[in-house]
Amino acid sequence: MSALIASKIQSNPKYLQLVRQRDTLAWTLSALVCVMYFGFTLMIAFAPDVLTQPIAADSVIPMGMLMGVGVIFFSCVLTGVYVYKANTVFDPIVNEIVREASK
Amino acid sequence: MKIFKSTFSAFLALAALFFTNLTFAADAAMSAVTPASAVAAAAAPAEVPVNWHAVVMFLIFVAVTLVITYWAATRTKTATDFYAAGRGITGLQNGMAIAGDYMSAASFLGIAALVYMNGFYGLIFSVGWLVGWPIILFLIAERLRNLGKYTYGDVVSFRLSQGPVRTMAAIGSLIVVIWYLIGQAVGAGQLLHTLVPQISYRESIVVVGALIIIYVTFGGMKATTWVQIIKAGLLLGGATLMAIGVMSHEGFSFAKLFNDAVAAHPKHLDIMKSVVPLGAKANPIESISLGLTLMLGTAGLPHILMRFFTVTDSKAARKSVLYGTCFIGFFYVLTFIIGFGAIVLVANNPEYVENVTKSVLALKGGGSMPAVYLSHALGGDLFLGFIAAVAFATILAVVSGLTLAGASALSHDIYARVIMKGNATEKQEVWVSKLSVIGLGILAIILGIAFEKQNVAYIVALTFSIAACTNFPILALSIFWRGLTTRGAVVGGYTGIFGSIGLLIIGPTVWTKVLGMGPAIFPYDFPTFVVLPAVLIVAYIVSKTDSSESGAKERAAYDAQMVRAETGLGAEVGASH
């Protein structure tokens, strides 16, 4: 990659917008995962009673088990959201930017 | 030959370091064999039944993988073929391979064993191991694919000084790889020995080491990836069958499964009430540090990061994380069911348990066996044979991936870039890789024997500490922070390496349990909560105070790096087929 193409891309407003949009999505989703997971971890640390409370009076299944499986499930869902968005929205913009710069 | 000499002496030094443990563990192993059974085995070896189902399935797997290795060997000509499978792996294939690398024997046997011993607590491990994946995808996967060639050291040293930064990255990789190898080799030894008692623990580890050397030296990344894909398919299939078996035994009712487990486990309701290992004390700092370690450690495992270089482009890298995450998530739910199933079906069965009256559910053949015995309880010898062969295949495949990652750190980072300063030919580089594979294979055998009596899941957790404290933060800083300079990366990186190893040695795992020195100086198993912030602070301060000319150039080079990371322009291209 020549320095010329790199500087062309950098000054392309589309590139700046793409980076901003993609970063916003990536960091938002990361924050969601972290809140979810560290919420769970902090409960282990500071409120274990909530996690070990049964989901129903006659059940031995603790709340934490549902939450744990929930964290696994939502991790997969959020991953899917990002891949869908990147494939359908961001990739075409990247291709366009690269095409314009290498002209 | 200089590199060969220095590599070899490094291996020798490491081997010597562990040799003291080796004799220690060997003594322990000898005393663990009860005289009665030893005499019986010596007097009438024919009486010990051989599980022919398992042996046949294991042999079929080995035969198939050797054919693949032969096929891959004929197609492995360039360095890109050897390290990155010619960059011709698709997203789905790589997703399977990622899941394969991740669903190690330690997670299959280890998590099932954790659940079996501690109940609900096992799930906490699974969750922590999974949530690293979305983070890798959102922040790292594409950028890594766009910036790197074969190792994550490529990315870290992209705009920094090659020699010192690559050395640090390679040392971080090697330590992680070697620790992880220990866990895998121990699992392999216990498994094969339990399955075919005629083959001793040591002999089975030697078999594993020899197969790894064959797969990796001849077939490179292509063989490693395909072995991984086949194994992931077998493992997911086998675990699904087991979970279905458990659920059908329990009338497809989770309520009945958990009630029966509570009734069967000697700790009863405690297995649902404890968020720490049973018998341990709850400790907030410990749980936060564990969480941090599991999550960020995933994003710092060199054999996983290496997978992103085998795909055609960043789109395929992205897809592979999605497939991988879904496979792994599904798999963890299965291991959880399997662990509880083992409590119900294995825990009180004198066929599997060493001593039924003991409150600790000590199993014959070691702590990693609940899943294997459960398969026997569900489907007899045939199913046990299948699951054992799959678990063994799992170990072979993961160890292959690890060995390749370690070898590429030695050859691509240390030999080609640091020692030869980029002047090595591809042929020389691949040759050094193959030598490194042989060295690592032998090291795995030695360490596997030395660590026979350790819990495998625990050792993996130790690996994660180093990956989370060193590899991940430096990788992230080099990608996201313009201000990082060589000095900052190197000083920060070594802070992570020495900090985590030092605190692990004076912590409970090594100080108390391995060395037997009494109460640990550093009271926590996972040092991440201390070391990770220290690494970030040190890297920040050292970079900020770096007023050198080269430092200024490195900061200025960030823009070009960012354009490549974001657009993939100039990234290594994939195979056209």
# chains A, B, ... in the order shown; residues from 1 in each chain; ligands from 1
>>> closest_atom_pairs(of="chain B", to="chain A", cutoff="6 Å", atoms="only C-alpha atoms", output="JSON lines")
{"residue": "B:Pro134", "atom": "CA", "partner": "A:Thr79", "partner_atom": "CA", "distance": 5.5}
{"residue": "B:Ile135", "atom": "CA", "partner": "A:Ser30", "partner_atom": "CA", "distance": 5.7}
{"residue": "B:Phe138", "atom": "CA", "partner": "A:Ala26", "partner_atom": "CA", "distance": 4.9}
{"residue": "B:Lys273", "atom": "CA", "partner": "A:Thr52", "partner_atom": "CA", "distance": 4.9}
{"residue": "B:Pro284", "atom": "CA", "partner": "A:Ala45", "partner_atom": "CA", "distance": 3.9}
{"residue": "B:Ser287", "atom": "CA", "partner": "A:Ala45", "partner_atom": "CA", "distance": 5.7}
{"residue": "B:Leu322", "atom": "CA", "partner": "A:Thr79", "partner_atom": "CA", "distance": 5.9}
{"residue": "B:Cys326", "atom": "CA", "partner": "A:Cys76", "partner_atom": "CA", "distance": 5.7}
{"residue": "B:Gly329", "atom": "CA", "partner": "A:Ile72", "partner_atom": "CA", "distance": 5.8}
{"residue": "B:Thr567", "atom": "CA", "partner": "A:Val94", "partner_atom": "CA", "distance": 5.9}
{"residue": "B:Gly570", "atom": "CA", "partner": "A:Met1", "partner_atom": "CA", "distance": 5.1}
>>> write_last_selection(atoms="C-alpha atoms", output="JSON list (two decimals), in the first residue's frame")
[["chain", "number", "residue", "atom", "x", "y", "z"],
["B", 134, "PRO", "CA", -17.77, -11.53, 21.01],
["B", 135, "ILE", "CA", -15.03, -9.19, 22.23],
["B", 138, "PHE", "CA", -15.94, -6.71, 17.73],
["B", 273, "LYS", "CA", -25.83, -23.00, 46.35],
["B", 284, "PRO", "CA", -14.93, -11.21, 45.84],
["B", 287, "SER", "CA", -14.17, -14.09, 41.46],
["B", 322, "LEU", "CA", -19.83, -16.27, 14.54],
["B", 326, "CYS", "CA", -22.33, -20.63, 18.35],
["B", 329, "GLY", "CA", -21.91, -21.92, 23.31],
["B", 567, "THR", "CA", -9.95, -1.38, 5.16],
["B", 570, "GLY", "CA", -2.44, -4.18, 1.57]]
>>> select_by_dssp(residues="segment 241-468 of chain B", states="helix (DSSP H, G or I)", output="NGL selection string")
:B and (241-249 or 254-264 or 270-273 or 284-298 or 302-309 or 314-345 or 370-419 or 426-450 or 456-468)
>>> atom_distance(atom1="atom CA of Pro197 of chain B", atom2="atom CA of Leu241 of chain B")
26.2 Å
>>> residues_around(residues="Met306 of chain B", least_positions_apart="5", cutoff="7 Å", atoms="only C-alpha atoms", output="ChimeraX atom specification")
/B:150-152,405
>>> closest_atom_pairs(of="segment 108-196 of chain B", to="segment 388-393 of chain B", cutoff="12 Å", atoms="only C-alpha atoms", output="Markdown table")
| residue | atom | partner | partner_atom | distance |
| --- | --- | --- | --- | --- |
| B:Phe108 | CA | B:Ala391 | CA | 7.8 |
| B:Leu109 | CA | B:Ala391 | CA | 7.9 |
| B:Gly110 | CA | B:Ala391 | CA | 11.3 |
| B:Gln184 | CA | B:Phe392 | CA | 9.7 |
| B:Ala185 | CA | B:Phe392 | CA | 10.1 |
| B:Val186 | CA | B:Phe392 | CA | 11.3 |
| B:Gly187 | CA | B:Phe392 | CA | 8.4 |
| B:Ala188 | CA | B:Phe392 | CA | 6.1 |
| B:Gly189 | CA | B:Phe392 | CA | 9.3 |
| B:Gln190 | CA | B:Phe392 | CA | 10.1 |
| B:Leu191 | CA | B:Ala388 | CA | 7.2 |
| B:Leu192 | CA | B:Phe392 | CA | 7.5 |
| B:His193 | CA | B:Ala388 | CA | 11.0 |
| B:Thr194 | CA | B:Ala388 | CA | 9.7 |
| B:Leu195 | CA | B:Ala388 | CA | 7.6 |
| B:Val196 | CA | B:Ala388 | CA | 10.6 |
>>> residues_around(residues="segment 471-487 of chain B", least_positions_apart="3", cutoff="6 Å", atoms="only C-alpha atoms", output="VMD selection string")
chain B and resid 156 160 to 161 299 to 300 467 to 468 490 to 491 543 551 555 558
>>> closest_residue(among="B:Asp260, B:Glu354, B:Glu452, B:Asp154", to="Ala342 of chain B", atoms="only C-alpha atoms")
B:Asp260
>>> residues_around(residues="Leu174 of chain B", least_positions_apart="6", cutoff="9 Å", atoms="only C-alpha atoms", output="list in words")
Pro302, Ala405, Gly406, Ala407, Ala409 and Leu410 of chain B
>>> residues_around(residues="Ser104 of chain B", least_positions_apart="2", cutoff="8 Å", atoms="only C-alpha atoms", output="list of chain:residue names")
B:Gly100, B:Asp101, B:Tyr102, B:Ala106, B:Ser107, B:Phe108, B:Gln184, B:Thr394, B:Ile395, B:Val398
